[in-house]
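Report on the following structure.
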Amino acid sequence: MRKLRDSFFFLPILCFCFVFIVDGSVHEYNGEKFVGKGNAFVVHGGSEGIYSSFADPYNVTATIGDSYIRFEKVTFRRPKEAANFSSEAIQAVVFEVEDRDSIGGSAYGGQRAVCCTADLAKLGVCLEGEVIYRPSTENPNWPKVFGISFNGDDEVATLRSRSIKITKTGMYNLYFIHCDVNLKDLTVEGKTIWKNPNGYLPGRMAPLMNFYGFMSLAFVILGIFWFSQYARFWREIFPLQNCITLVITLGMLEMALWYFDYAEFNESGIRPVGITMWAVSFGTIKRTVSRIIILMVLMGYGVVRPTLGGLTSKVIMLGATFFLASEVLEVVENVGAVSDLSGKARLFLVLPVAILDAFFILWIFTSLSATLNKLQARRMTVKLDIYRKFTNALAVAVIVSVGWICYELYFKLNDVYNEQWQSAWIIPAFWQVLSFSLLCVICVLWAPSQNSMRYAYSDEANEGFDKDDTTLTLIKPSSTPMKDFKSAAEARPVQGHNGAWNGDLEEDKTV
C-alpha cells in the first residue's frame with residue numbers, strides 16, 4: 001500500500017495532506033477532544049445508515065447476516081494534573097435518527113438541554129449530571145446509553161467492549177457525551193466497527209458498488225464499439241476522435257477503480273486510500289478533459305479551424321483551474337469518508353467548482369453560436385447537420401441538469417437529518433449516467449468511419465464538397481451552378497489584358 005501511495009500524482013498528495021483520514025467503517029478515535037454544546041461536552045462518534053440484521057432461524061450469531069455497532073477499546077483519557085477526583089459518567093449514546101427527540105429535555109418549557117439540570121432532577125425525570133433520554137415509543141430498549149466514570153486519581157477509563165445488534169433499518173448516530181465541567185481536555189481513543197448485513201459499506205454507499213459495476217460494464221460495451229471502429233478505420237482518424245478515445249479509456253479506468261474501492265471497503269471494513277485516490281484522480285481528469293474537448297469542438301477545432309490560436313492558453317488555464325478545484329473537492333469528499341454525512345468543508349469547496357462549470361457552459365454556448373453561424377455562412381451542410389444534432393443533445397443535457405439540480409436542492413433541504421439515506425445514492429449516480437449518455441451521443445456522431453475525414457478540417461485547396469459551395473457564395477452573390485464554376489474561372493483571363501488574372505484568383509481564395 002505504501003508503494004502505491006508513493007506513486008500518486010503530485011497534486012492528489014498535496015490534497016491528501018488536508019484530509020483527516022479514518023479507516024472505512026472502522027471509526028477510529030485518535031485523541032479527539034470533547035467540544036462544548038449547550039450544557040454538554042460532545043464528540044461525534046459516527047453516523048451511518050444501517051440495514052436490519054437478516055433473520056437468524058438457527059440462532060447463529062456474528063454471521064455475515066448480522067448488523068451491529070461494536071465498541072473496541074474505547075478509552076477516555078484526562079490530563080495527569082486533573083486526575084485528582086472522581087468524575088461524573090462519560091456516556092456513549094446510540095440512537096436512530098427518528099428517536100432524536102428522545103435525547104435531551106427542558107424544565108417548564110425552557111431551553112432544551114442534553115445534560116440533566118437541577119430543575120429536571122427535582123422533577124424526577126433524570127439524574128443530575130447525566131444525559132437526558134426517554135425510551136423510544138417504538139422500541140423501549142432504544143436509545144442505547146451506557147458509560148463509565150473516573151475513580152479517584154485514574155487518568156484512563158475504558159468502556160467495556162460490547163456489540164449492539166441492529167434490528168431495525170435506519171440512520172444511526174453515536175455521540176460520546178459528558179456533563180462534568182471539571183473534566184477539562186478530556187480525549188477519546190479507540191474504535192467502533194459498524195457493519196451492514198452484506199458487509200462494511202455504509203448504507204448510503206452500498207448501492208454504489210453495484211452501480212459502478214454496471215457502469216464498468218456499460219463502458220466496456222461502449223469501448224468495444226468504439227475501439228473496433230477505431231481499428232477498422234484507423235487511416236481515417238482525425239484528432240477529435242483521438243480525444244474521444246482518451247475520454248473512454250479514462251472512463252473505463254474510473255468506473256473500475258470505484259468498483260474495486262467499494263468492493264474492498266465492503267469486504268474488509270478498511271477503505272483503501274490508494275485505490276480511492278486513483279479513482280478520484282482519474283475521474284477528475286476525465287471530467288476536465290471532457291469539458292475541454294466539448295469546448296474545443298464547439299469552437300470549431302479540427303472542423304473549421306486547424307488550431308485554437310491565441311485561445312489555447314486560455315482554454316488550458318480554465319481546464320487546469322477546474323482540475324485543481326475538482327480534485328480538492330473530490331479528495332475531501334471521498335478519501336477516508338466513512339460517515340453517511342457530508343462534511344461542512346464540501347459546502348465551501350463546491351462553490352469554486354460550480355463557478356468554473358458556469359464559465360465552461362457560458363463559453364461553450366457562445367462558441368457554439370459562432371461556429372454554427374460560420375458553418376451556415378460557408379454552407380458546410382454536412383458539418384452543420386452534425387453540429388445541430390449535437391446542439392440538440394447538449395441542450396437536452398443542460399435542461400435535464402438544471403432540473404436535477406433543483407431536485408437535488410429540494411432533496412437536501414427536506415432531508416436535514418439524512419432520513420432518506422437509502423435513496424441518496426441516486427444523486428451522484430445520476431451525474432455519471434448523464435455524462436455517459438452525452439459521451440455516447442458524441443461517439444455516435446463522430447464515430448470512426450470511411451467518411452470520417454468529411455467532418456475534419458482541411459485546407460481550402462482540398463476541401464472538396466465544402467469548397468465549391470463556399471467559393472461560389474463568396475465570389476458571386478447570384479446563384480451559379482457548381483458545374484459551371486470551372487468554365488467561369490477559365491473565362492476570367494479573357495476579360496482583362498493586364499496580366500492580373502492570377503492576382504484576382506488568389507484574392508478569391510483568401511476572401
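By order of appearance in the C-alpha cells: chains A, B, ..., then residues from 1 within every chain, and ligands from 1 in the order shown.
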
Determine, counting only C-alpha atoms, which protein, DNA and RNA residues have an atom within 10 Å of an atom of A:Thr245; residues of the same chain fewer than 2 positions away are not included. Present the result as a VMD selection string. chain A and resid 223 226 to 227 230 239 to 243 247 to 251 443

Would you mind writing down, as an MDAnalysis selection string, each residue of stretch 68-107 of chain A that DSSP on the backbone assigns to strand (DSSP E)? chainID A and resid 68:77 90:96

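For the set A:Val353, A:Ala370, A:Ala263, A:Leu298, the residue with the smallest atom-to-atom gap to A:Thr391 is A:Leu298, counting only C-alpha atoms.
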
12 Å contact set for stretch 402-407 of chain A, only C-alpha atoms, chain neighbours under 3 positions out, as JSON, numbers by chain: {"A": [354, 358, 395, 396, 397, 398, 399, 410, 411, 412, 413, 414, 424, 426, 427, 428, 429, 430, 431, 434]}

As a ChimeraX atom specification, please: all residues of stretch 232-396 of chain A that backbone DSSP puts in alpha helix (DSSP H). /A:232,239-268,273-298,312-334,344-377,381-396

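Note that the spacing between atom CA of A:Gly199 and atom CA of A:Trp425 amounts to 17.1 Å.
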
Two-atom distance - atom CA of A:Thr288, atom CA of A:Ser449 (Å):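 If I compute the distance from atom CA of A:Thr288 to atom CA of A:Ser449, I get 26.9 Å.
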
Name all residues at most 8 Å from A:Lys195 (count only C-alpha atoms; drop same-chain ones fewer than 4 positions away) and give them as a CSV table (one decimal) with C-alpha atoms, in the first residue's frame.
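Saved to part-v8.csv:
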chain,number,residue,atom,x,y,z
A,25,SER,CA,-16.5,1.5,8.7
A,50,ILE,CA,-27.6,0.5,8.6
A,66,ASP,CA,-25.7,-9.6,11.3
A,67,SER,CA,-25.8,-5.8,11.5
A,68,TYR,CA,-24.1,-4.3,14.5
A,69,ILE,CA,-22.1,-1.5,16.1
A,199,GLY,CA,-20.6,-6.1,4.5
A,200,TYR,CA,-19.0,-3.0,6.0
A,201,LEU,CA,-20.1,-0.4,3.4
A,202,PRO,CA,-22.2,2.3,5.0

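The coordinates place atom CA of A:Tyr51 at 13.3 Å from atom CA of A:Ile164.
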
I'd like to know which of A:Phe95, A:Trp142, A:Tyr212, A:Phe41 is closest to A:Val181, using only C-alpha atoms.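 Among A:Phe95, A:Trp142, A:Tyr212, A:Phe41, it is A:Phe41 that comes nearest to A:Val181.
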
With 9 Å as the cut-off and only C-alpha atoms counted, what is the closest atom pair between each nearby residue of stretch 169-250 of chain A and stretch 121-139 of chain A? Distances in Å to one decimal, ordered by chain and number, as JSON lines.
{"residue": "A:Ile177", "atom": "CA", "partner": "A:Val131", "partner_atom": "CA", "distance": 7.5}
{"residue": "A:His178", "atom": "CA", "partner": "A:Glu130", "partner_atom": "CA", "distance": 7.2}
{"residue": "A:Cys179", "atom": "CA", "partner": "A:Gly129", "partner_atom": "CA", "distance": 5.4}
{"residue": "A:Asp180", "atom": "CA", "partner": "A:Gly129", "partner_atom": "CA", "distance": 6.8}

Within 12 Å of A:Phe390 using only C-alpha atoms, minus same-chain residues under 6 positions, as a short mmCIF file (atom, residue, chain, number, x, y, z; two decimals) with N, CA, C and O atoms, in the first residue's frame:
data_model
loop_
_atom_site.label_atom_id
_atom_site.label_comp_id
_atom_site.auth_asym_id
_atom_site.auth_seq_id
_atom_site.Cartn_x
_atom_site.Cartn_y
_atom_site.Cartn_z
N ILE A 294 -15.29 19.24 -25.39
CA ILE A 294 -16.55 19.82 -25.85
C ILE A 294 -16.36 21.29 -26.23
O ILE A 294 -16.85 21.75 -27.26
N VAL A 297 -14.35 21.46 -29.54
CA VAL A 297 -15.18 21.05 -30.69
C VAL A 297 -16.14 22.16 -31.07
O VAL A 297 -16.31 22.49 -32.25
N LEU A 298 -16.77 22.76 -30.07
CA LEU A 298 -17.75 23.81 -30.36
C LEU A 298 -17.09 25.12 -30.75
O LEU A 298 -17.76 26.03 -31.25
N PHE A 365 -21.56 27.62 -25.07
CA PHE A 365 -22.70 28.05 -25.89
C PHE A 365 -22.37 29.29 -26.72
O PHE A 365 -22.90 29.45 -27.82
N LEU A 368 -20.45 27.80 -29.58
CA LEU A 368 -21.36 27.03 -30.43
C LEU A 368 -22.13 27.95 -31.37
O LEU A 368 -22.27 27.65 -32.58
N LEU A 372 -21.80 27.70 -35.45
CA LEU A 372 -22.98 27.44 -36.27
C LEU A 372 -23.16 28.52 -37.33
O LEU A 372 -23.49 28.23 -38.49
N LYS A 383 -21.35 19.25 -42.09
CA LYS A 383 -20.84 19.61 -40.76
C LYS A 383 -21.91 20.36 -39.96
O LYS A 383 -22.03 20.17 -38.74
N LEU A 384 -22.67 21.19 -40.64
CA LEU A 384 -23.73 21.92 -39.95
C LEU A 384 -24.77 20.97 -39.39
O LEU A 384 -25.26 21.16 -38.26
N VAL A 396 -30.61 19.40 -24.37
CA VAL A 396 -31.37 18.47 -23.53
C VAL A 396 -30.60 18.18 -22.24
O VAL A 396 -31.16 18.16 -21.13
N ALA A 397 -29.28 17.97 -22.37
CA ALA A 397 -28.44 17.68 -21.19
C ALA A 397 -28.46 18.84 -20.20
O ALA A 397 -28.55 18.64 -18.98
N LEU A 438 -24.13 11.57 -22.69
CA LEU A 438 -23.60 12.58 -23.60
C LEU A 438 -22.39 12.05 -24.35
O LEU A 438 -22.21 12.34 -25.55
N LEU A 439 -21.56 11.25 -23.66
CA LEU A 439 -20.41 10.64 -24.32
C LEU A 439 -20.87 9.68 -25.42
O LEU A 439 -20.26 9.62 -26.50
N CYS A 440 -21.94 8.94 -25.18
CA CYS A 440 -22.48 8.03 -26.20
C CYS A 440 -22.94 8.80 -27.43
O CYS A 440 -22.73 8.36 -28.57
N VAL A 441 -23.59 9.95 -27.21
CA VAL A 441 -24.03 10.78 -28.33
C VAL A 441 -22.84 11.24 -29.15
O VAL A 441 -22.85 11.18 -30.40
N ILE A 442 -21.78 11.67 -28.47
CA ILE A 442 -20.57 12.11 -29.18
C ILE A 442 -19.97 10.96 -29.97
O ILE A 442 -19.53 11.13 -31.12
N CYS A 443 -19.95 9.77 -29.35
CA CYS A 443 -19.37 8.60 -30.03
C CYS A 443 -20.17 8.23 -31.28
O CYS A 443 -19.59 7.79 -32.28
N VAL A 444 -21.48 8.40 -31.25
CA VAL A 444 -22.31 8.09 -32.42
C VAL A 444 -22.11 9.14 -33.52
O VAL A 444 -21.97 8.80 -34.70
N LEU A 445 -22.08 10.41 -33.13
CA LEU A 445 -21.96 11.48 -34.13
C LEU A 445 -20.58 11.50 -34.79
O LEU A 445 -20.48 11.78 -36.00
N TRP A 446 -19.53 11.24 -34.02
CA TRP A 446 -18.17 11.31 -34.56
C TRP A 446 -17.50 9.93 -34.58
O TRP A 446 -16.29 9.82 -34.39
#

Skip stretch 75-81 of chain A itself and residues of its chain fewer than 4 positions away, then list as a ChimeraX atom specification all residues within 12 Å of it, counting only C-alpha atoms. /A:28-34,43,71,85-87,89-92,147-161,176-178,182-192

Ranking A:Ala279, A:Ala113, A:Met171, A:Ala118 by minimum distance to A:Tyr417 and counting only C-alpha atoms, which one comes first?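 That would be A:Met171, the residue with the smallest distance to A:Tyr417.
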
Near A:Phe219, within 10 Å and counting only C-alpha atoms, which residues show up once chain neighbours fewer than 2 positions away are dropped, as a ChimeraX atom specification? /A:214-217,221-225,248-256,436,440
